[in-house]
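Below you'll find the structure, written out as structure tokens, and then a few comments.
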Number of protein chains: 2
Amino acid sequence: MSADKKDIEEGLSFRPKFNEEGLIPVVTVDAASNEVLMVANMNAAALAETLRTGKGTYYSRSRGKLWVKGEQSGHEQKVVEILVDCDQDCLVMRVQARGGQCHVGYRGCFYRRVKKGSSDQLELVGRPVFDPKEVYGESKDD
Amino acid sequence: MSADKKDIEEGLSFRPKFNEEGLIPVVTVDAASNEVLMVANMNAAALAETLRTGKGTYYSRSRGKLWVKGEQSGHEQKVVEILVDCDQDCLVMRVQARGGQCHVGYRGCFYRRVKKGSSDQLELVGRPVFDPKEVYGESKDD
């Protein structure tokens with residue numbers, strides 16, 4: 001194993017590895033329940049803002065800009081801790097999240113599961129916690 | 001909102017969206033503790049194998065082939081359920097995992113966190129649970 005690989009995997013320097021698009025995937029987890037709320041991306045600026053403000057801030061590829069979660073909906077994320085994986089190309093961010101975190105109206109984005117014994121059918125496992133139309137109007141932008 | 005978008009977000013058909021490389025990211029979570037163990041990719045064949053066998057099976061970009069987690073180490077994953085997110089481009093797989101799931105020797109890959117108040121220093125939050133040299137020799141291949 002190279003010294004560099006060993007340093008990345010076992011060292012205590014934070015050296016996040018952004019992909020060819022300049023992004024690192026982030027798994028955002030409810031700090032209380034450990035439920036996975038969402039998976040999104042940060043660029044270097046979004047990560048720096050998240051560390052500076054303590055609020056979950058991402059990079060939106062579709063909108064081409066930084067995106068403070070909850071800016072529009074009020075459903076923001078207070079960062080509890082940020083974990084990094086062995087090869088430092090993925091983050092887990094544990095947050096205290098206010099309200100539903102998924103724009104469809106659920107607490108998190110993973111509100112359906114593959115039905116037992118099926119490969120093409122889903123079943124609901126979540127319950128809606130807010131009405132997206134009330135919160136976002138027609139835009140659904142955060 | 002288009003009928004197709006509504007169907008993807010709110011329907012009960014499983015229509016996983018693979019990216020331009022033919023991959024979908026998978027967040028693998030310990031079904032007992034909800035701890036995020038690892039983040040990896042599946043292609044369509046890996047997903048089909050996972051559904052068929054009930055064992056966590058991924059696609060390794062570096063090796064260019066399917067990879068049954070624990071094939072070499074014995075640290076395999078029994079699938080409990082597979083959740084899909086709103087836009088169906090990411091999975092959460094809840095598993096019963098045998099032994100350490102990270103090749104560095106920890107239960108999961110996220111054994112370090114960014115130190116409070118720092119943007120470049122990490123601190124350990126995990127404890128090693130096995131010796132990679134004993135389990136993998138020099139290969140560290142699963």
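Starting from 1 in every chain, residues are counted up; chains themselves are A, B, ... following the order of the structure tokens, and ligands are numbered from 1 as listed.
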
May I have chain A as a compact mmCIF listing (two decimals) with N, CA and C atoms, in the first residue's frame, after a least-squares superposition on chain B that uses all C-alpha atoms paired in order?
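Output file part-v5.txt follows:
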```txt
# COMPACT_ATOMS: atom_id res chain seq x y z
N MET A 1 -45.99 19.41 -13.01
CA MET A 1 -45.16 18.20 -12.95
C MET A 1 -45.64 17.21 -14.01
N SER A 2 -44.70 16.62 -14.73
CA SER A 2 -45.08 15.65 -15.77
C SER A 2 -45.64 14.39 -15.13
N ALA A 3 -46.45 13.68 -15.92
CA ALA A 3 -47.03 12.42 -15.44
C ALA A 3 -45.91 11.43 -15.11
N ASP A 4 -44.86 11.46 -15.91
CA ASP A 4 -43.75 10.53 -15.70
C ASP A 4 -43.04 10.82 -14.38
N LYS A 5 -42.77 12.11 -14.13
CA LYS A 5 -42.10 12.49 -12.88
C LYS A 5 -42.96 12.09 -11.68
N LYS A 6 -44.26 12.33 -11.80
CA LYS A 6 -45.18 11.97 -10.72
C LYS A 6 -45.15 10.45 -10.49
N ASP A 7 -45.11 9.70 -11.56
CA ASP A 7 -45.09 8.25 -11.45
C ASP A 7 -43.80 7.78 -10.77
N ILE A 8 -42.67 8.39 -11.18
CA ILE A 8 -41.39 8.01 -10.57
C ILE A 8 -41.37 8.35 -9.08
N GLU A 9 -41.89 9.53 -8.73
CA GLU A 9 -41.81 9.99 -7.34
C GLU A 9 -42.88 9.38 -6.44
N GLU A 10 -44.06 9.14 -6.99
CA GLU A 10 -45.16 8.74 -6.13
C GLU A 10 -45.73 7.37 -6.46
N GLY A 11 -45.30 6.81 -7.60
CA GLY A 11 -45.83 5.52 -8.03
C GLY A 11 -45.21 4.36 -7.29
N LEU A 12 -45.70 3.17 -7.58
CA LEU A 12 -45.21 1.96 -6.92
C LEU A 12 -44.54 0.99 -7.91
N SER A 13 -44.09 1.55 -9.04
CA SER A 13 -43.25 0.75 -9.95
C SER A 13 -41.80 1.07 -9.64
N PHE A 14 -41.01 0.02 -9.50
CA PHE A 14 -39.58 0.19 -9.24
C PHE A 14 -38.89 0.41 -10.59
N ARG A 15 -38.39 1.63 -10.78
CA ARG A 15 -37.75 1.99 -12.05
C ARG A 15 -36.40 2.62 -11.76
N PRO A 16 -35.46 1.84 -11.23
CA PRO A 16 -34.17 2.41 -10.82
C PRO A 16 -33.49 3.10 -12.00
N LYS A 17 -32.98 4.30 -11.72
CA LYS A 17 -32.35 5.10 -12.78
C LYS A 17 -30.84 4.96 -12.65
N PHE A 18 -30.23 4.28 -13.59
CA PHE A 18 -28.78 4.11 -13.59
C PHE A 18 -28.17 5.34 -14.27
N ASN A 19 -27.01 5.75 -13.79
CA ASN A 19 -26.37 6.94 -14.37
C ASN A 19 -25.69 6.63 -15.70
N GLU A 20 -24.98 7.63 -16.22
CA GLU A 20 -24.39 7.48 -17.57
C GLU A 20 -23.36 6.33 -17.62
N GLU A 21 -22.87 5.92 -16.43
CA GLU A 21 -21.96 4.76 -16.38
C GLU A 21 -22.73 3.44 -16.16
N GLY A 22 -24.05 3.55 -16.08
CA GLY A 22 -24.85 2.34 -15.86
C GLY A 22 -24.89 1.92 -14.39
N LEU A 23 -24.62 2.87 -13.49
CA LEU A 23 -24.54 2.54 -12.06
C LEU A 23 -25.56 3.32 -11.24
N ILE A 24 -25.94 2.73 -10.11
CA ILE A 24 -26.78 3.43 -9.13
C ILE A 24 -26.06 3.34 -7.79
N PRO A 25 -25.94 4.47 -7.06
CA PRO A 25 -25.28 4.41 -5.75
C PRO A 25 -26.18 3.75 -4.71
N VAL A 26 -25.54 3.02 -3.81
CA VAL A 26 -26.25 2.27 -2.78
C VAL A 26 -25.64 2.61 -1.42
N VAL A 27 -26.46 3.08 -0.50
CA VAL A 27 -26.03 3.32 0.88
C VAL A 27 -26.41 2.09 1.68
N THR A 28 -25.43 1.37 2.18
CA THR A 28 -25.71 0.13 2.91
C THR A 28 -25.67 0.40 4.40
N VAL A 29 -26.76 0.02 5.07
CA VAL A 29 -27.03 0.40 6.45
C VAL A 29 -27.21 -0.87 7.28
N ASP A 30 -26.66 -0.87 8.48
CA ASP A 30 -26.86 -1.96 9.43
C ASP A 30 -28.33 -1.96 9.87
N ALA A 31 -29.04 -3.04 9.60
CA ALA A 31 -30.48 -3.08 9.89
C ALA A 31 -30.76 -2.98 11.39
N ALA A 32 -29.81 -3.38 12.22
CA ALA A 32 -30.03 -3.34 13.66
C ALA A 32 -29.80 -1.94 14.23
N SER A 33 -28.68 -1.32 13.86
CA SER A 33 -28.31 -0.04 14.49
C SER A 33 -28.61 1.16 13.60
N ASN A 34 -28.92 0.90 12.33
CA ASN A 34 -29.08 1.96 11.32
C ASN A 34 -27.77 2.69 10.98
N GLU A 35 -26.64 2.18 11.47
CA GLU A 35 -25.35 2.79 11.09
C GLU A 35 -25.09 2.63 9.59
N VAL A 36 -24.61 3.72 8.97
CA VAL A 36 -24.21 3.60 7.57
C VAL A 36 -22.90 2.82 7.52
N LEU A 37 -22.92 1.68 6.85
CA LEU A 37 -21.73 0.82 6.78
C LEU A 37 -20.82 1.19 5.62
N MET A 38 -21.40 1.43 4.45
CA MET A 38 -20.61 1.70 3.26
C MET A 38 -21.49 2.32 2.20
N VAL A 39 -20.86 2.94 1.22
CA VAL A 39 -21.56 3.44 0.04
C VAL A 39 -20.82 2.87 -1.17
N ALA A 40 -21.55 2.21 -2.04
CA ALA A 40 -20.93 1.59 -3.22
C ALA A 40 -21.91 1.69 -4.38
N ASN A 41 -21.60 1.03 -5.48
CA ASN A 41 -22.45 1.10 -6.67
C ASN A 41 -22.94 -0.28 -7.08
N MET A 42 -24.11 -0.29 -7.68
CA MET A 42 -24.59 -1.49 -8.39
C MET A 42 -24.84 -1.12 -9.84
N ASN A 43 -24.59 -2.07 -10.74
CA ASN A 43 -25.15 -1.95 -12.08
C ASN A 43 -26.42 -2.82 -12.11
N ALA A 44 -27.06 -2.91 -13.26
CA ALA A 44 -28.33 -3.64 -13.32
C ALA A 44 -28.12 -5.11 -12.93
N ALA A 45 -26.99 -5.69 -13.36
CA ALA A 45 -26.74 -7.10 -13.06
C ALA A 45 -26.52 -7.31 -11.56
N ALA A 46 -25.80 -6.38 -10.91
CA ALA A 46 -25.55 -6.50 -9.47
C ALA A 46 -26.86 -6.37 -8.68
N LEU A 47 -27.71 -5.46 -9.12
CA LEU A 47 -29.01 -5.30 -8.45
C LEU A 47 -29.85 -6.57 -8.63
N ALA A 48 -29.86 -7.11 -9.84
CA ALA A 48 -30.63 -8.34 -10.09
C ALA A 48 -30.10 -9.49 -9.24
N GLU A 49 -28.78 -9.61 -9.13
CA GLU A 49 -28.19 -10.66 -8.31
C GLU A 49 -28.53 -10.46 -6.84
N THR A 50 -28.47 -9.23 -6.38
CA THR A 50 -28.81 -8.93 -4.98
C THR A 50 -30.25 -9.34 -4.69
N LEU A 51 -31.15 -9.02 -5.62
CA LEU A 51 -32.57 -9.36 -5.42
C LEU A 51 -32.77 -10.88 -5.49
N ARG A 52 -32.02 -11.54 -6.36
CA ARG A 52 -32.19 -12.97 -6.56
C ARG A 52 -31.63 -13.77 -5.38
N THR A 53 -30.43 -13.37 -4.90
CA THR A 53 -29.73 -14.17 -3.89
C THR A 53 -29.97 -13.68 -2.46
N GLY A 54 -30.39 -12.41 -2.32
CA GLY A 54 -30.52 -11.84 -0.98
C GLY A 54 -29.18 -11.51 -0.34
N LYS A 55 -28.11 -11.53 -1.13
CA LYS A 55 -26.78 -11.16 -0.62
C LYS A 55 -26.30 -9.88 -1.31
N GLY A 56 -25.76 -8.95 -0.52
CA GLY A 56 -25.28 -7.67 -1.05
C GLY A 56 -24.24 -7.90 -2.14
N THR A 57 -24.56 -7.49 -3.35
CA THR A 57 -23.69 -7.68 -4.52
C THR A 57 -23.56 -6.35 -5.24
N TYR A 58 -22.33 -5.96 -5.50
CA TYR A 58 -22.05 -4.63 -6.05
C TYR A 58 -21.31 -4.75 -7.37
N TYR A 59 -21.07 -3.57 -7.97
CA TYR A 59 -20.23 -3.54 -9.16
C TYR A 59 -18.96 -2.77 -8.80
N SER A 60 -17.82 -3.38 -9.03
CA SER A 60 -16.56 -2.71 -8.75
C SER A 60 -16.05 -2.05 -10.03
N ARG A 61 -15.95 -0.72 -9.98
CA ARG A 61 -15.42 -0.01 -11.14
C ARG A 61 -13.95 -0.33 -11.33
N SER A 62 -13.20 -0.39 -10.21
CA SER A 62 -11.76 -0.61 -10.36
C SER A 62 -11.45 -1.99 -10.93
N ARG A 63 -12.29 -2.98 -10.57
CA ARG A 63 -12.02 -4.33 -11.06
C ARG A 63 -12.87 -4.68 -12.29
N GLY A 64 -13.86 -3.79 -12.58
CA GLY A 64 -14.69 -4.02 -13.77
C GLY A 64 -15.54 -5.27 -13.71
N LYS A 65 -16.00 -5.63 -12.48
CA LYS A 65 -16.83 -6.84 -12.38
C LYS A 65 -17.73 -6.82 -11.14
N LEU A 66 -18.68 -7.74 -11.13
CA LEU A 66 -19.55 -7.90 -9.96
C LEU A 66 -18.72 -8.35 -8.77
N TRP A 67 -19.23 -8.02 -7.61
CA TRP A 67 -18.46 -8.25 -6.40
C TRP A 67 -19.46 -8.58 -5.29
N VAL A 68 -19.46 -9.85 -4.87
CA VAL A 68 -20.32 -10.26 -3.75
C VAL A 68 -19.60 -9.88 -2.47
N LYS A 69 -20.16 -8.95 -1.72
CA LYS A 69 -19.52 -8.50 -0.48
C LYS A 69 -19.29 -9.70 0.44
N GLY A 70 -18.07 -9.84 0.92
CA GLY A 70 -17.77 -10.93 1.86
C GLY A 70 -17.33 -12.22 1.19
N GLU A 71 -17.30 -12.22 -0.15
CA GLU A 71 -16.91 -13.44 -0.88
C GLU A 71 -15.56 -13.96 -0.40
N GLN A 72 -14.65 -13.00 -0.17
CA GLN A 72 -13.30 -13.40 0.25
C GLN A 72 -13.18 -13.42 1.78
N SER A 73 -13.76 -12.40 2.42
CA SER A 73 -13.55 -12.22 3.87
C SER A 73 -14.53 -13.03 4.71
N GLY A 74 -15.63 -13.46 4.10
CA GLY A 74 -16.70 -14.08 4.89
C GLY A 74 -17.61 -13.06 5.55
N HIS A 75 -17.28 -11.76 5.37
CA HIS A 75 -18.07 -10.70 6.02
C HIS A 75 -19.23 -10.31 5.10
N GLU A 76 -20.16 -11.22 4.94
CA GLU A 76 -21.20 -10.98 3.95
C GLU A 76 -22.40 -10.21 4.50
N GLN A 77 -23.28 -9.85 3.59
CA GLN A 77 -24.45 -9.03 3.92
C GLN A 77 -25.72 -9.76 3.50
N LYS A 78 -26.59 -9.98 4.47
CA LYS A 78 -27.91 -10.55 4.17
C LYS A 78 -28.90 -9.40 4.07
N VAL A 79 -29.54 -9.29 2.93
CA VAL A 79 -30.41 -8.13 2.68
C VAL A 79 -31.71 -8.24 3.47
N VAL A 80 -32.05 -7.18 4.19
CA VAL A 80 -33.32 -7.11 4.91
C VAL A 80 -34.35 -6.37 4.07
N GLU A 81 -33.98 -5.21 3.55
CA GLU A 81 -34.88 -4.49 2.63
C GLU A 81 -34.09 -3.49 1.81
N ILE A 82 -34.64 -3.15 0.65
CA ILE A 82 -34.03 -2.16 -0.23
C ILE A 82 -35.02 -1.02 -0.43
N LEU A 83 -34.58 0.17 -0.05
CA LEU A 83 -35.42 1.37 -0.18
C LEU A 83 -34.93 2.18 -1.37
N VAL A 84 -35.83 2.93 -1.98
CA VAL A 84 -35.44 3.76 -3.12
C VAL A 84 -35.88 5.20 -2.84
N ASP A 85 -35.12 6.16 -3.36
CA ASP A 85 -35.45 7.56 -3.06
C ASP A 85 -36.46 8.10 -4.06
N CYS A 86 -36.87 9.36 -3.81
CA CYS A 86 -37.95 9.99 -4.57
C CYS A 86 -37.73 9.90 -6.07
N ASP A 87 -36.54 10.26 -6.55
CA ASP A 87 -36.35 10.24 -8.01
C ASP A 87 -35.74 8.92 -8.50
N GLN A 88 -35.69 7.94 -7.63
CA GLN A 88 -35.26 6.57 -7.98
C GLN A 88 -33.86 6.52 -8.59
N ASP A 89 -32.97 7.40 -8.11
CA ASP A 89 -31.59 7.31 -8.60
C ASP A 89 -30.61 6.97 -7.48
N CYS A 90 -31.12 6.47 -6.35
CA CYS A 90 -30.27 6.09 -5.22
C CYS A 90 -31.01 5.06 -4.38
N LEU A 91 -30.27 4.10 -3.83
CA LEU A 91 -30.87 3.06 -2.99
C LEU A 91 -30.29 3.12 -1.58
N VAL A 92 -31.11 2.74 -0.60
CA VAL A 92 -30.62 2.42 0.75
C VAL A 92 -30.90 0.94 0.96
N MET A 93 -29.86 0.18 1.27
CA MET A 93 -30.03 -1.25 1.48
C MET A 93 -29.77 -1.56 2.95
N ARG A 94 -30.77 -2.08 3.63
CA ARG A 94 -30.61 -2.43 5.04
C ARG A 94 -30.24 -3.91 5.11
N VAL A 95 -29.16 -4.19 5.84
CA VAL A 95 -28.61 -5.55 5.85
C VAL A 95 -28.29 -6.05 7.25
N GLN A 96 -28.26 -7.37 7.39
CA GLN A 96 -27.61 -7.99 8.54
C GLN A 96 -26.21 -8.33 8.07
N ALA A 97 -25.24 -7.68 8.67
CA ALA A 97 -23.86 -7.80 8.17
C ALA A 97 -23.04 -8.62 9.16
N ARG A 98 -22.27 -9.55 8.59
CA ARG A 98 -21.41 -10.36 9.43
C ARG A 98 -20.01 -9.73 9.47
N GLY A 99 -19.57 -9.36 10.68
CA GLY A 99 -18.20 -8.88 10.85
C GLY A 99 -17.98 -7.48 10.32
N GLY A 100 -16.71 -7.08 10.32
CA GLY A 100 -16.34 -5.75 9.86
C GLY A 100 -16.58 -5.61 8.37
N GLN A 101 -17.19 -4.51 7.99
CA GLN A 101 -17.57 -4.32 6.59
C GLN A 101 -16.58 -3.45 5.82
N CYS A 102 -15.68 -2.78 6.54
CA CYS A 102 -14.71 -1.92 5.86
C CYS A 102 -13.37 -2.63 5.78
N HIS A 103 -12.73 -2.56 4.61
CA HIS A 103 -11.48 -3.30 4.40
C HIS A 103 -10.34 -2.80 5.28
N VAL A 104 -10.53 -1.60 5.89
CA VAL A 104 -9.48 -1.07 6.77
C VAL A 104 -9.53 -1.76 8.15
N GLY A 105 -10.66 -2.42 8.45
CA GLY A 105 -10.74 -3.19 9.69
C GLY A 105 -11.83 -2.73 10.65
N TYR A 106 -12.67 -1.81 10.18
CA TYR A 106 -13.74 -1.29 11.03
C TYR A 106 -15.09 -1.91 10.66
N ARG A 107 -16.06 -1.73 11.56
CA ARG A 107 -17.41 -2.22 11.29
C ARG A 107 -17.98 -1.59 10.01
N GLY A 108 -17.79 -0.26 9.88
CA GLY A 108 -18.24 0.44 8.68
C GLY A 108 -17.14 1.37 8.20
N CYS A 109 -17.36 1.98 7.04
CA CYS A 109 -16.33 2.81 6.42
C CYS A 109 -16.22 4.20 7.06
N PHE A 110 -17.21 4.61 7.84
CA PHE A 110 -17.25 5.99 8.34
C PHE A 110 -16.75 6.03 9.78
N TYR A 111 -15.47 5.76 9.97
CA TYR A 111 -14.89 5.63 11.31
C TYR A 111 -14.15 6.89 11.75
N ARG A 112 -14.24 7.94 10.95
CA ARG A 112 -13.62 9.22 11.32
C ARG A 112 -14.59 10.36 11.08
N ARG A 113 -14.48 11.40 11.91
CA ARG A 113 -15.32 12.57 11.67
C ARG A 113 -14.46 13.82 11.67
N VAL A 114 -15.00 14.86 11.04
CA VAL A 114 -14.31 16.15 11.03
C VAL A 114 -14.35 16.71 12.45
N LYS A 115 -13.18 17.11 12.92
CA LYS A 115 -13.04 17.62 14.29
C LYS A 115 -13.82 18.92 14.43
N LYS A 116 -14.50 19.06 15.54
CA LYS A 116 -15.30 20.28 15.81
C LYS A 116 -14.42 21.53 15.65
N GLY A 117 -14.93 22.49 14.91
CA GLY A 117 -14.21 23.75 14.76
C GLY A 117 -13.09 23.71 13.74
N SER A 118 -12.88 22.55 13.13
CA SER A 118 -11.79 22.41 12.15
C SER A 118 -12.39 22.15 10.77
N SER A 119 -11.63 22.48 9.74
CA SER A 119 -12.07 22.12 8.39
C SER A 119 -11.08 21.15 7.74
N ASP A 120 -9.99 20.81 8.45
CA ASP A 120 -9.02 19.92 7.82
C ASP A 120 -8.48 18.82 8.74
N GLN A 121 -9.06 18.70 9.92
CA GLN A 121 -8.60 17.65 10.84
C GLN A 121 -9.72 16.66 11.14
N LEU A 122 -9.33 15.39 11.22
CA LEU A 122 -10.29 14.34 11.56
C LEU A 122 -10.00 13.80 12.94
N GLU A 123 -11.01 13.12 13.52
CA GLU A 123 -10.74 12.32 14.72
C GLU A 123 -11.44 10.97 14.57
N LEU A 124 -10.86 9.97 15.20
CA LEU A 124 -11.43 8.62 15.11
C LEU A 124 -12.70 8.54 15.94
N VAL A 125 -13.73 7.88 15.38
CA VAL A 125 -14.92 7.59 16.16
C VAL A 125 -15.20 6.08 16.20
N GLY A 126 -14.51 5.33 15.36
CA GLY A 126 -14.70 3.87 15.34
C GLY A 126 -13.56 3.15 16.02
N ARG A 127 -13.79 1.88 16.31
CA ARG A 127 -12.75 1.01 16.86
C ARG A 127 -12.55 -0.14 15.88
N PRO A 128 -11.30 -0.54 15.62
CA PRO A 128 -11.08 -1.67 14.72
C PRO A 128 -11.76 -2.93 15.26
N VAL A 129 -12.34 -3.73 14.36
CA VAL A 129 -12.99 -4.97 14.78
C VAL A 129 -12.32 -6.20 14.20
N PHE A 130 -11.43 -6.00 13.23
CA PHE A 130 -10.66 -7.15 12.73
C PHE A 130 -9.34 -6.66 12.14
N ASP A 131 -8.45 -7.62 11.90
CA ASP A 131 -7.15 -7.29 11.33
C ASP A 131 -7.17 -7.61 9.84
N PRO A 132 -7.14 -6.57 9.00
CA PRO A 132 -7.25 -6.79 7.55
C PRO A 132 -6.19 -7.76 7.03
N LYS A 133 -5.00 -7.73 7.60
CA LYS A 133 -3.93 -8.62 7.10
C LYS A 133 -4.32 -10.08 7.27
N GLU A 134 -4.97 -10.37 8.42
CA GLU A 134 -5.41 -11.76 8.65
C GLU A 134 -6.51 -12.19 7.70
N VAL A 135 -7.39 -11.24 7.41
CA VAL A 135 -8.58 -11.59 6.62
C VAL A 135 -8.30 -11.59 5.12
N TYR A 136 -7.54 -10.58 4.68
CA TYR A 136 -7.35 -10.43 3.24
C TYR A 136 -5.94 -10.78 2.76
N GLY A 137 -4.99 -10.97 3.67
CA GLY A 137 -3.60 -11.06 3.22
C GLY A 137 -3.22 -9.72 2.64
N GLU A 138 -2.63 -9.71 1.47
CA GLU A 138 -2.22 -8.43 0.89
C GLU A 138 -3.23 -7.88 -0.11
N SER A 139 -4.32 -8.62 -0.39
CA SER A 139 -5.13 -8.20 -1.54
C SER A 139 -6.21 -7.16 -1.20
N LYS A 140 -6.82 -7.25 -0.02
CA LYS A 140 -7.90 -6.33 0.35
C LYS A 140 -8.95 -6.19 -0.73
N ASP A 141 -9.41 -7.34 -1.24
CA ASP A 141 -10.30 -7.28 -2.40
C ASP A 141 -11.79 -7.28 -2.10
N ASP A 142 -12.18 -7.50 -0.85
CA ASP A 142 -13.60 -7.25 -0.63
C ASP A 142 -13.83 -6.68 0.76
```

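Residues of stretch 32-95 of chain B carrying a DSSP assignment of alpha helix (DSSP H), computed from the backbone, are Ala44, Ala45, Ala46, Leu47, Ala48, Glu49, Thr50, Leu51, Arg52 and Thr53 of chain B.
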